[in-house]
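The structure file input-v3.cif is reproduced below (mmCIF, C-alpha atoms, pLDDT in the B column; chains and numbers go by the auth columns).
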data_my_file
loop_
_atom_site.group_PDB
_atom_site.id
_atom_site.type_symbol
_atom_site.label_atom_id
_atom_site.label_comp_id
_atom_site.label_asym_id
_atom_site.label_seq_id
_atom_site.Cartn_x
_atom_site.Cartn_y
_atom_site.Cartn_z
_atom_site.B_iso_or_equiv
_atom_site.auth_seq_id
_atom_site.auth_asym_id
ATOM 1 C CA MET A 1 129.215 95.689 99.514 71.00 1 F
ATOM 2 C CA THR A 2 129.547 92.046 100.574 78.00 2 F
ATOM 3 C CA GLN A 3 129.102 93.011 104.220 83.00 3 F
ATOM 4 C CA VAL A 4 125.835 94.785 103.423 84.00 4 F
ATOM 5 C CA TRP A 5 124.535 91.675 101.685 84.00 5 F
ATOM 6 C CA LEU A 6 125.550 89.532 104.655 87.00 6 F
ATOM 7 C CA SER A 7 123.778 91.911 107.037 86.00 7 F
ATOM 8 C CA ALA A 8 120.592 91.847 104.965 87.00 8 F
ATOM 9 C CA ALA A 9 120.714 88.053 104.688 88.00 9 F
ATOM 10 C CA GLY A 10 121.246 87.722 108.433 88.00 10 F
ATOM 11 C CA LEU A 11 118.267 89.912 109.298 87.00 11 F
ATOM 12 C CA CYS A 12 115.972 88.083 106.887 89.00 12 F
ATOM 13 C CA GLY A 13 117.342 84.675 107.918 88.00 13 F
ATOM 14 C CA ALA A 14 116.647 85.355 111.603 87.00 14 F
ATOM 15 C CA THR A 15 113.005 86.087 110.762 85.00 15 F
ATOM 16 C CA LEU A 16 112.788 82.805 108.833 87.00 16 F
ATOM 17 C CA ILE A 17 114.327 80.867 111.741 88.00 17 F
ATOM 18 C CA GLY A 18 111.595 82.242 113.974 83.00 18 F
ATOM 19 C CA ALA A 19 109.017 81.285 111.360 84.00 19 F
ATOM 20 C CA ILE A 20 110.301 77.689 111.300 85.00 20 F
ATOM 21 C CA ILE A 21 109.923 77.544 115.078 82.00 21 F
ATOM 22 C CA GLY A 22 106.426 78.965 114.709 78.00 22 F
ATOM 23 C CA PHE A 23 105.519 76.171 112.283 79.00 23 F
ATOM 24 C CA GLY A 24 106.055 73.705 115.112 75.00 24 F
ATOM 25 C CA ILE A 25 103.064 75.116 116.987 66.00 25 F
ATOM 26 C CA LYS A 26 99.804 73.587 115.752 58.00 26 F
ATOM 27 C CA GLU A 27 96.523 73.413 117.610 58.00 27 F
ATOM 28 C CA LEU A 28 96.461 74.878 121.113 58.00 28 F
ATOM 29 C CA PRO A 29 93.726 75.070 123.760 64.00 29 F
ATOM 30 C CA HIS A 30 92.363 78.525 124.512 67.00 30 F
ATOM 31 C CA LYS A 31 94.548 78.940 127.586 73.00 31 F
ATOM 32 C CA TRP A 32 97.732 78.300 125.638 75.00 32 F
ATOM 33 C CA ASN A 33 96.532 80.424 122.746 72.00 33 F
ATOM 34 C CA ASP A 34 96.187 83.393 125.122 79.00 34 F
ATOM 35 C CA THR A 35 99.605 82.582 126.574 83.00 35 F
ATOM 36 C CA VAL A 36 101.244 82.550 123.124 76.00 36 F
ATOM 37 C CA MET A 37 99.511 85.816 122.259 77.00 37 F
ATOM 38 C CA GLY A 38 100.682 87.299 125.562 85.00 38 F
ATOM 39 C CA PHE A 39 104.262 86.310 124.746 83.00 39 F
ATOM 40 C CA CYS A 40 103.907 87.884 121.296 76.00 40 F
ATOM 41 C CA ALA A 41 102.574 91.074 122.903 82.00 41 F
ATOM 42 C CA GLY A 42 105.613 91.185 125.193 86.00 42 F
ATOM 43 C CA VAL A 43 108.019 90.791 122.278 80.00 43 F
ATOM 44 C CA MET A 44 106.267 93.566 120.387 75.00 44 F
ATOM 45 C CA LEU A 45 106.179 95.823 123.446 85.00 45 F
ATOM 46 C CA ALA A 46 109.926 95.443 123.982 84.00 46 F
ATOM 47 C CA ALA A 47 110.677 95.858 120.280 77.00 47 F
ATOM 48 C CA SER A 48 108.547 98.988 119.965 80.00 48 F
ATOM 49 C CA ILE A 49 110.144 100.759 122.931 86.00 49 F
ATOM 50 C CA LEU A 50 113.732 99.453 123.068 82.00 50 F
ATOM 51 C CA GLY A 51 114.219 98.767 119.367 75.00 51 F
ATOM 52 C CA LEU A 52 112.351 101.696 117.825 78.00 52 F
ATOM 53 C CA ILE A 53 111.272 104.575 120.088 87.00 53 F
ATOM 54 C CA VAL A 54 114.411 104.768 122.258 88.00 54 F
ATOM 55 C CA PRO A 55 116.788 104.710 119.236 83.00 55 F
ATOM 56 C CA ALA A 56 114.568 107.308 117.536 84.00 56 F
ATOM 57 C CA ALA A 57 114.880 109.601 120.575 89.00 57 F
ATOM 58 C CA GLU A 58 118.651 109.091 120.738 87.00 58 F
ATOM 59 C CA GLN A 59 119.105 109.929 117.062 83.00 59 F
ATOM 60 C CA ALA A 60 116.719 112.891 117.109 85.00 60 F
ATOM 61 C CA GLY A 61 118.351 114.477 120.163 84.00 61 F
ATOM 62 C CA SER A 62 116.717 116.483 122.930 81.00 62 F
ATOM 63 C CA GLY A 63 116.009 119.404 120.615 82.00 63 F
ATOM 64 C CA GLN A 64 113.759 117.317 118.367 85.00 64 F
ATOM 65 C CA TRP A 65 111.852 115.226 120.910 87.00 65 F
ATOM 66 C CA TRP A 66 108.646 116.532 119.347 90.00 66 F
ATOM 67 C CA LEU A 67 109.504 114.727 116.082 89.00 67 F
ATOM 68 C CA VAL A 68 109.552 111.404 117.924 91.00 68 F
ATOM 69 C CA ALA A 69 106.321 112.187 119.796 93.00 69 F
ATOM 70 C CA ILE A 70 104.512 113.087 116.566 93.00 70 F
ATOM 71 C CA GLY A 71 105.876 109.973 114.869 88.00 71 F
ATOM 72 C CA VAL A 72 104.512 107.721 117.630 92.00 72 F
ATOM 73 C CA ILE A 73 101.064 109.346 117.507 94.00 73 F
ATOM 74 C CA VAL A 74 100.869 109.264 113.695 90.00 74 F
ATOM 75 C CA GLY A 75 101.942 105.605 113.706 84.00 75 F
ATOM 76 C CA ALA A 76 99.144 104.717 116.120 87.00 76 F
ATOM 77 C CA MET A 77 96.606 106.656 114.050 89.00 77 F
ATOM 78 C CA PHE A 78 97.779 104.896 110.895 81.00 78 F
ATOM 79 C CA LEU A 79 97.191 101.467 112.465 74.00 79 F
ATOM 80 C CA ASN A 80 93.778 102.685 113.616 79.00 80 F
ATOM 81 C CA LEU A 81 92.955 103.350 109.962 79.00 81 F
ATOM 82 C CA LEU A 82 94.356 99.963 108.923 70.00 82 F
ATOM 83 C CA ASP A 83 91.926 98.403 111.397 65.00 83 F
ATOM 84 C CA LEU A 84 89.207 99.348 108.912 67.00 84 F
ATOM 85 C CA VAL A 85 91.074 97.655 106.057 61.00 85 F
ATOM 86 C CA THR A 86 91.817 94.233 107.561 54.00 86 F
ATOM 87 C CA PRO A 87 88.315 92.785 106.945 52.00 87 F
ATOM 88 C CA HIS A 88 89.037 93.211 103.221 48.00 88 F
ATOM 89 C CA MET A 89 92.340 91.286 103.250 51.00 89 F
ATOM 90 C CA HIS A 90 90.900 87.835 102.555 48.00 90 F
ATOM 91 C CA HIS A 91 92.994 87.573 99.380 51.00 91 F
ATOM 92 C CA ILE A 92 96.144 87.540 101.546 55.00 92 F
ATOM 93 C CA THR A 93 94.993 84.876 104.009 54.00 93 F
ATOM 94 C CA GLY A 94 93.181 82.729 101.436 56.00 94 F
ATOM 95 C CA LEU A 95 90.229 82.374 103.816 55.00 95 F
ATOM 96 C CA ASP A 96 86.555 82.937 103.074 56.00 96 F
ATOM 97 C CA PRO A 97 85.718 86.680 103.004 55.00 97 F
ATOM 98 C CA GLU A 98 82.870 85.933 105.421 54.00 98 F
ATOM 99 C CA GLN A 99 85.425 85.018 108.090 52.00 99 F
ATOM 100 C CA HIS A 100 86.937 88.472 107.921 49.00 100 F
ATOM 101 C CA ALA A 101 83.562 90.058 108.472 49.00 101 F
ATOM 102 C CA THR A 102 82.681 87.893 111.483 48.00 102 F
ATOM 103 C CA ASN A 103 86.005 86.763 112.988 56.00 103 F
ATOM 104 C CA ALA A 104 87.377 89.544 115.182 59.00 104 F
ATOM 105 C CA SER A 105 90.373 87.438 116.228 64.00 105 F
ATOM 106 C CA LEU A 106 91.460 86.971 112.606 65.00 106 F
ATOM 107 C CA ASN A 107 91.300 90.699 111.911 66.00 107 F
ATOM 108 C CA ARG A 108 93.189 91.380 115.138 68.00 108 F
ATOM 109 C CA VAL A 109 95.976 88.979 114.165 71.00 109 F
ATOM 110 C CA LEU A 110 96.222 90.512 110.691 72.00 110 F
ATOM 111 C CA LEU A 111 96.543 93.949 112.238 71.00 111 F
ATOM 112 C CA PHE A 112 99.540 93.068 114.375 67.00 112 F
ATOM 113 C CA VAL A 113 101.131 91.116 111.494 77.00 113 F
ATOM 114 C CA LEU A 114 100.875 94.367 109.520 76.00 114 F
ATOM 115 C CA ALA A 115 102.497 96.192 112.435 72.00 115 F
ATOM 116 C CA ILE A 116 105.394 93.710 112.412 74.00 116 F
ATOM 117 C CA ALA A 117 105.803 94.204 108.656 77.00 117 F
ATOM 118 C CA LEU A 118 105.589 97.989 109.027 73.00 118 F
ATOM 119 C CA HIS A 119 108.589 98.243 111.356 70.00 119 F
ATOM 120 C CA LYS A 120 110.881 95.977 109.312 78.00 120 F
ATOM 121 C CA LEU A 121 111.652 98.683 106.743 77.00 121 F
ATOM 122 C CA PRO A 122 112.972 101.345 109.172 73.00 122 F
ATOM 123 C CA GLU A 123 114.858 98.638 111.088 74.00 123 F
ATOM 124 C CA GLY A 124 116.584 97.600 107.871 79.00 124 F
ATOM 125 C CA ILE A 125 117.327 101.238 107.063 77.00 125 F
ATOM 126 C CA ALA A 126 118.937 101.638 110.497 73.00 126 F
ATOM 127 C CA ALA A 127 121.215 98.675 109.799 77.00 127 F
ATOM 128 C CA GLY A 128 122.050 99.925 106.298 78.00 128 F
ATOM 129 C CA ILE A 129 122.924 103.428 107.490 73.00 129 F
ATOM 130 C CA SER A 130 125.347 102.038 110.063 68.00 130 F
ATOM 131 C CA PHE A 131 127.502 100.575 107.263 74.00 131 F
ATOM 132 C CA ASN A 132 128.233 104.111 106.056 66.00 132 F
ATOM 133 C CA SER A 133 130.221 104.870 109.222 58.00 133 F
ATOM 134 C CA GLU A 134 133.941 104.270 109.647 59.00 134 F
ATOM 135 C CA GLU A 135 133.333 101.869 112.549 64.00 135 F
ATOM 136 C CA VAL A 136 132.044 98.747 110.795 70.00 136 F
ATOM 137 C CA SER A 137 131.976 96.926 114.144 72.00 137 F
ATOM 138 C CA ASN A 138 129.085 99.200 115.193 65.00 138 F
ATOM 139 C CA ALA A 139 127.170 98.171 112.075 68.00 139 F
ATOM 140 C CA TRP A 140 127.582 94.497 112.944 79.00 140 F
ATOM 141 C CA ALA A 141 126.442 95.208 116.493 73.00 141 F
ATOM 142 C CA VAL A 142 123.239 96.741 115.118 70.00 142 F
ATOM 143 C CA THR A 143 122.734 93.768 112.799 77.00 143 F
ATOM 144 C CA ALA A 144 123.298 91.269 115.635 79.00 144 F
ATOM 145 C CA GLY A 145 120.834 93.034 117.938 71.00 145 F
ATOM 146 C CA LEU A 146 118.126 93.218 115.293 75.00 146 F
ATOM 147 C CA SER A 147 118.690 89.597 114.284 81.00 147 F
ATOM 148 C CA LEU A 148 118.188 88.369 117.856 75.00 148 F
ATOM 149 C CA GLN A 149 114.962 90.342 117.992 71.00 149 F
ATOM 150 C CA ASN A 150 113.804 88.960 114.642 79.00 150 F
ATOM 151 C CA VAL A 151 113.715 85.330 115.813 81.00 151 F
ATOM 152 C CA PRO A 152 110.763 85.743 118.235 75.00 152 F
ATOM 153 C CA GLU A 153 109.162 88.191 115.817 74.00 153 F
ATOM 154 C CA GLY A 154 109.205 85.456 113.172 80.00 154 F
ATOM 155 C CA MET A 155 107.256 83.288 115.615 77.00 155 F
ATOM 156 C CA VAL A 156 104.858 86.170 116.226 72.00 156 F
ATOM 157 C CA VAL A 157 103.968 86.249 112.531 76.00 157 F
ATOM 158 C CA ILE A 158 103.569 82.509 111.970 80.00 158 F
ATOM 159 C CA SER A 159 101.994 80.999 115.080 72.00 159 F
ATOM 160 C CA PRO A 160 98.798 83.087 115.363 73.00 160 F
ATOM 161 C CA LEU A 161 98.039 82.768 111.630 77.00 161 F
ATOM 162 C CA LEU A 162 98.368 78.978 111.783 76.00 162 F
ATOM 163 C CA LEU A 163 96.143 78.859 114.872 70.00 163 F
ATOM 164 C CA LEU A 164 93.438 80.746 112.957 70.00 164 F
ATOM 165 C CA GLY A 165 93.496 78.372 109.980 74.00 165 F
ATOM 166 C CA VAL A 166 95.654 80.199 107.431 77.00 166 F
ATOM 167 C CA SER A 167 97.482 77.627 105.287 78.00 167 F
ATOM 168 C CA ARG A 168 101.136 76.815 105.925 80.00 168 F
ATOM 169 C CA TRP A 169 102.137 77.898 102.423 82.00 169 F
ATOM 170 C CA ARG A 170 100.487 81.284 102.828 82.00 170 F
ATOM 171 C CA THR A 171 102.032 81.856 106.235 83.00 171 F
ATOM 172 C CA LEU A 172 105.433 80.965 104.757 84.00 172 F
ATOM 173 C CA PHE A 173 104.862 83.442 101.913 84.00 173 F
ATOM 174 C CA ILE A 174 103.844 86.166 104.388 83.00 174 F
ATOM 175 C CA SER A 175 106.965 85.488 106.465 85.00 175 F
ATOM 176 C CA LEU A 176 109.210 85.645 103.372 86.00 176 F
ATOM 177 C CA ALA A 177 107.599 88.917 102.295 86.00 177 F
ATOM 178 C CA ILE A 178 108.126 90.461 105.732 85.00 178 F
ATOM 179 C CA GLY A 179 111.759 89.310 105.817 87.00 179 F
ATOM 180 C CA GLY A 180 112.221 90.742 102.325 89.00 180 F
ATOM 181 C CA LEU A 181 111.166 94.181 103.588 86.00 181 F
ATOM 182 C CA GLU A 182 114.187 94.216 105.877 86.00 182 F
ATOM 183 C CA ILE A 183 116.506 93.409 102.969 90.00 183 F
ATOM 184 C CA VAL A 184 115.020 96.322 101.020 89.00 184 F
ATOM 185 C CA GLY A 185 115.426 98.557 104.070 82.00 185 F
ATOM 186 C CA VAL A 186 119.122 97.682 104.472 86.00 186 F
ATOM 187 C CA TRP A 187 119.875 98.702 100.901 88.00 187 F
ATOM 188 C CA ILE A 188 117.767 101.869 101.117 82.00 188 F
ATOM 189 C CA GLY A 189 119.679 102.891 104.239 76.00 189 F
ATOM 190 C CA TYR A 190 123.057 102.060 102.739 81.00 190 F
ATOM 191 C CA ALA A 191 122.313 103.906 99.490 81.00 191 F
ATOM 192 C CA ALA A 192 120.646 106.961 101.027 70.00 192 F
ATOM 193 C CA GLY A 193 123.309 107.517 103.688 63.00 193 F
ATOM 194 C CA ALA A 194 123.055 110.916 105.352 61.00 194 F
ATOM 195 C CA ILE A 195 119.654 111.693 103.826 63.00 195 F
ATOM 196 C CA SER A 196 118.062 108.764 105.597 63.00 196 F
ATOM 197 C CA GLN A 197 119.626 109.839 108.896 65.00 197 F
ATOM 198 C CA LEU A 198 117.334 112.858 108.898 68.00 198 F
ATOM 199 C CA LEU A 199 114.229 110.758 108.267 76.00 199 F
ATOM 200 C CA LEU A 200 115.094 107.697 110.331 76.00 200 F
ATOM 201 C CA PRO A 201 114.039 109.013 113.799 83.00 201 F
ATOM 202 C CA ALA A 202 110.560 109.829 112.496 83.00 202 F
ATOM 203 C CA MET A 203 110.277 106.475 110.701 80.00 203 F
ATOM 204 C CA LEU A 204 111.394 104.530 113.775 81.00 204 F
ATOM 205 C CA ALA A 205 108.949 106.433 115.997 85.00 205 F
ATOM 206 C CA PHE A 206 106.149 105.882 113.476 84.00 206 F
ATOM 207 C CA ALA A 207 106.729 102.125 113.502 76.00 207 F
ATOM 208 C CA GLY A 208 106.981 102.103 117.298 82.00 208 F
ATOM 209 C CA GLY A 209 103.675 103.927 117.688 85.00 209 F
ATOM 210 C CA ALA A 210 101.994 101.496 115.312 79.00 210 F
ATOM 211 C CA MET A 211 103.192 98.510 117.342 77.00 211 F
ATOM 212 C CA LEU A 212 102.171 100.112 120.663 86.00 212 F
ATOM 213 C CA TYR A 213 98.677 100.667 119.277 83.00 213 F
ATOM 214 C CA VAL A 214 98.270 97.005 118.385 75.00 214 F
ATOM 215 C CA VAL A 215 99.605 95.754 121.732 82.00 215 F
ATOM 216 C CA SER A 216 97.410 98.053 123.818 85.00 216 F
ATOM 217 C CA ASP A 217 94.243 98.158 121.754 80.00 217 F
ATOM 218 C CA GLU A 218 94.078 94.611 120.430 73.00 218 F
ATOM 219 C CA MET A 219 96.444 92.032 121.885 77.00 219 F
ATOM 220 C CA ILE A 220 96.332 92.637 125.645 86.00 220 F
ATOM 221 C CA PRO A 221 92.512 92.948 125.774 84.00 221 F
ATOM 222 C CA GLU A 222 92.186 89.734 123.727 77.00 222 F
ATOM 223 C CA THR A 223 94.465 87.744 126.060 82.00 223 F
ATOM 224 C CA HIS A 224 92.503 88.971 129.109 85.00 224 F
ATOM 225 C CA ALA A 225 89.049 88.158 127.769 79.00 225 F
ATOM 226 C CA HIS A 226 88.805 84.429 128.538 78.00 226 F
ATOM 227 C CA GLY A 227 89.809 84.094 132.191 84.00 227 F
ATOM 228 C CA TYR A 228 93.482 83.297 131.555 82.00 228 F
ATOM 229 C CA GLN A 229 94.858 86.772 132.207 88.00 229 F
ATOM 230 C CA LYS A 230 97.425 85.595 134.795 91.00 230 F
ATOM 231 C CA SER A 231 99.245 83.246 132.417 90.00 231 F
ATOM 232 C CA ALA A 232 98.954 85.829 129.615 89.00 232 F
ATOM 233 C CA THR A 233 100.487 88.513 131.852 93.00 233 F
ATOM 234 C CA TYR A 234 103.485 86.373 132.830 94.00 234 F
ATOM 235 C CA ALA A 235 103.922 85.370 129.194 91.00 235 F
ATOM 236 C CA LEU A 236 103.964 89.059 128.250 92.00 236 F
ATOM 237 C CA LEU A 237 106.692 89.704 130.848 93.00 237 F
ATOM 238 C CA LEU A 238 108.682 86.741 129.486 91.00 238 F
ATOM 239 C CA GLY A 239 108.358 88.131 125.936 84.00 239 F
#
Could you show the structure in this file as structure tokens?
Amino acid sequence: MTQVWLSAAGLCGATLIGAIIGFGIKELPHKWNDTVMGFCAGVMLAASILGLIVPAAEQAGSGQWWLVAIGVIVGAMFLNLLDLVTPHMHHITGLDPEQHATNASLNRVLLFVLAIALHKLPEGIAAGISFNSEEVSNAWAVTAGLSLQNVPEGMVVISPLLLLGVSRWRTLFISLAIGGLEIVGVWIGYAAGAISQLLLPAMLAFAGGAMLYVVSDEMIPETHAHGYQKSATYALLLG
């Protein structure tokens, strides 16, 4: 039981460390803004494929590849629907509702923050399930890998929101809420055990599809729209 708590705390703490780093980034010129966004897109691209879709395929097995494919498509469609909701999320950002109606960049950032939040739950479940196995060392390997990934993801959440004028307190609250989702996921996975193992491939694929949608439809086009596509591309590769 103590090990599960430590795993959950480590996953959440890594997200908060990334958030603290993100707080160090204040105002940036447009070129650097596109570069930061490109880096964030690269982190999300790697996380969606290597951290979500590939593990989903491995757990589903070759006989259930269709489950992963459907999960990816449904995840992308879900984020497409959320795209219609983000203009109405002014109560979360604390900004004037008019900004959500006219500021496409703000709505775009909110969409990929939602995608980050969406994949934290199945990631936490994956870590929690691993503590049901006899090899506890494998569980810690999963926790370590996810924690390393969570540091840049914490930056992904904080930096763009600060650049768009969301207050530091609200960005901190959003980061804490997203980190909390992973804690909930760890305990769901640990408690559900074998039941979650049947659902986890679909959940991982769903989250991966949602993140791929945001990267392809929103983030990459935005970073290539102001003449700084070269630096944004190399930043994406670095991420």
*Pairwise distance for atom CA of F:Trp169 and atom CA of F:Gly22, rounded to one decimal in Å*: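 Those two atoms sit 13.1 Å apart.
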_Which of F:Val166, F:Ser159, F:Gln3, F:Ala115 sits closest to F:Ser137 [using all atoms listed in the file]_ =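 Answer, going by the shortest atom-to-atom distance: F:Gln3.
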*For the structure shown, which residues end up in the PyMOL selection byres ((chain F and resi 149) around 9)? Put them as a list in words, please?*
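Matching residues under the PyMOL selection byres ((chain F and resi 149) around 9) are Ala14, Thr15, Val43, Ala47, Gly51, Ala144, Gly145, Leu146, Ser147, Leu148, Asn150, Val151, Pro152, Glu153 and Gly154 of chain F.
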Is it possible to get the axis-aligned box enclosing stretch 216-232 of chain F (all listed atoms, 4 Å extra per side) as lines of an AutoDock Vina configuration file, with centre and edge lengths in Å rounded to one decimal?
center_x = 94.0
center_y = 90.7
center_z = 127.6
size_x = 18.4
size_y = 22.9
size_z = 22.4
*Work out how far atom CA of F:Pro55 is from atom CA of F:Gly189, in Å to one decimal.*
15.4 Å
Stretch 122-130 of chain F surroundings by only C-alpha atoms, 10 Å radius, close-in-sequence under 2 positions cut, as a JSON list (two decimals) with C-alpha atoms, in the frame of the given file:
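Resulting contents of result_7.json:
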[["chain", "number", "residue", "atom", "x", "y", "z"],
["F", 4, "VAL", "CA", 125.84, 94.78, 103.42],
["F", 5, "TRP", "CA", 124.54, 91.68, 101.68],
["F", 7, "SER", "CA", 123.78, 91.91, 107.04],
["F", 8, "ALA", "CA", 120.59, 91.85, 104.96],
["F", 11, "LEU", "CA", 118.27, 89.91, 109.30],
["F", 12, "CYS", "CA", 115.97, 88.08, 106.89],
["F", 51, "GLY", "CA", 114.22, 98.77, 119.37],
["F", 52, "LEU", "CA", 112.35, 101.70, 117.82],
["F", 55, "PRO", "CA", 116.79, 104.71, 119.24],
["F", 118, "LEU", "CA", 105.59, 97.99, 109.03],
["F", 119, "HIS", "CA", 108.59, 98.24, 111.36],
["F", 120, "LYS", "CA", 110.88, 95.98, 109.31],
["F", 132, "ASN", "CA", 128.23, 104.11, 106.06],
["F", 133, "SER", "CA", 130.22, 104.87, 109.22],
["F", 134, "GLU", "CA", 133.94, 104.27, 109.65],
["F", 135, "GLU", "CA", 133.33, 101.87, 112.55],
["F", 136, "VAL", "CA", 132.04, 98.75, 110.80],
["F", 137, "SER", "CA", 131.98, 96.93, 114.14],
["F", 138, "ASN", "CA", 129.08, 99.20, 115.19],
["F", 139, "ALA", "CA", 127.17, 98.17, 112.08],
["F", 140, "TRP", "CA", 127.58, 94.50, 112.94],
["F", 141, "ALA", "CA", 126.44, 95.21, 116.49],
["F", 142, "VAL", "CA", 123.24, 96.74, 115.12],
["F", 143, "THR", "CA", 122.73, 93.77, 112.80],
["F", 144, "ALA", "CA", 123.30, 91.27, 115.64],
["F", 145, "GLY", "CA", 120.83, 93.03, 117.94],
["F", 146, "LEU", "CA", 118.13, 93.22, 115.29],
["F", 179, "GLY", "CA", 111.76, 89.31, 105.82],
["F", 180, "GLY", "CA", 112.22, 90.74, 102.32],
["F", 181, "LEU", "CA", 111.17, 94.18, 103.59],
["F", 182, "GLU", "CA", 114.19, 94.22, 105.88],
["F", 183, "ILE", "CA", 116.51, 93.41, 102.97],
["F", 184, "VAL", "CA", 115.02, 96.32, 101.02],
["F", 185, "GLY", "CA", 115.43, 98.56, 104.07],
["F", 186, "VAL", "CA", 119.12, 97.68, 104.47],
["F", 187, "TRP", "CA", 119.88, 98.70, 100.90],
["F", 188, "ILE", "CA", 117.77, 101.87, 101.12],
["F", 189, "GLY", "CA", 119.68, 102.89, 104.24],
["F", 190, "TYR", "CA", 123.06, 102.06, 102.74],
["F", 191, "ALA", "CA", 122.31, 103.91, 99.49],
["F", 192, "ALA", "CA", 120.65, 106.96, 101.03],
["F", 193, "GLY", "CA", 123.31, 107.52, 103.69],
["F", 194, "ALA", "CA", 123.06, 110.92, 105.35],
["F", 195, "ILE", "CA", 119.65, 111.69, 103.83],
["F", 196, "SER", "CA", 118.06, 108.76, 105.60],
["F", 197, "GLN", "CA", 119.63, 109.84, 108.90],
["F", 199, "LEU", "CA", 114.23, 110.76, 108.27],
["F", 200, "LEU", "CA", 115.09, 107.70, 110.33],
["F", 201, "PRO", "CA", 114.04, 109.01, 113.80],
["F", 202, "ALA", "CA", 110.56, 109.83, 112.50],
["F", 203, "MET", "CA", 110.28, 106.48, 110.70],
["F", 204, "LEU", "CA", 111.39, 104.53, 113.78],
["F", 205, "ALA", "CA", 108.95, 106.43, 116.00],
["F", 206, "PHE", "CA", 106.15, 105.88, 113.48],
["F", 207, "ALA", "CA", 106.73, 102.12, 113.50]]
What would stretch 222-235 of chain F look like with N, CA, C and O atoms in place, written as a compact mmCIF listing (two decimals), keeping the file's coordinate frame?
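Output saved as selection.txt:
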# COMPACT_ATOMS: atom_id res chain seq x y z
N GLU F 222 92.57 91.06 124.21
CA GLU F 222 92.19 89.73 123.73
C GLU F 222 92.68 88.64 124.68
O GLU F 222 91.95 87.70 124.99
N THR F 223 93.91 88.78 125.19
CA THR F 223 94.46 87.74 126.06
C THR F 223 93.86 87.77 127.46
O THR F 223 94.05 86.84 128.24
N HIS F 224 93.13 88.84 127.79
CA HIS F 224 92.50 88.97 129.11
C HIS F 224 91.00 88.74 129.06
O HIS F 224 90.30 89.01 130.04
N ALA F 225 90.50 88.24 127.95
CA ALA F 225 89.05 88.16 127.77
C ALA F 225 88.47 86.78 128.06
O ALA F 225 87.25 86.60 127.98
N HIS F 226 89.31 85.79 128.40
CA HIS F 226 88.80 84.43 128.54
C HIS F 226 89.12 83.79 129.89
O HIS F 226 89.02 82.58 130.05
N GLY F 227 89.54 84.62 130.86
CA GLY F 227 89.81 84.09 132.19
C GLY F 227 91.22 83.57 132.40
O GLY F 227 91.51 82.99 133.45
N TYR F 228 92.11 83.79 131.43
CA TYR F 228 93.48 83.30 131.56
C TYR F 228 94.47 84.47 131.61
O TYR F 228 95.59 84.38 131.10
N GLN F 229 94.04 85.57 132.22
CA GLN F 229 94.86 86.77 132.21
C GLN F 229 96.17 86.63 132.99
O GLN F 229 97.17 87.28 132.67
N LYS F 230 96.20 85.76 134.01
CA LYS F 230 97.42 85.60 134.79
C LYS F 230 98.53 84.99 133.94
O LYS F 230 99.66 85.50 133.89
N SER F 231 98.22 83.88 133.26
CA SER F 231 99.24 83.25 132.42
C SER F 231 99.63 84.15 131.27
O SER F 231 100.80 84.21 130.87
N ALA F 232 98.65 84.90 130.72
CA ALA F 232 98.95 85.83 129.62
C ALA F 232 99.86 86.95 130.08
O ALA F 232 100.76 87.39 129.36
N THR F 233 99.65 87.42 131.32
CA THR F 233 100.49 88.51 131.85
C THR F 233 101.92 88.06 132.05
O THR F 233 102.88 88.77 131.66
N TYR F 234 102.12 86.86 132.63
CA TYR F 234 103.48 86.37 132.83
C TYR F 234 104.15 86.06 131.49
O TYR F 234 105.38 86.23 131.34
N ALA F 235 103.37 85.62 130.52
CA ALA F 235 103.92 85.37 129.19
C ALA F 235 104.36 86.68 128.55
O ALA F 235 105.40 86.74 127.87
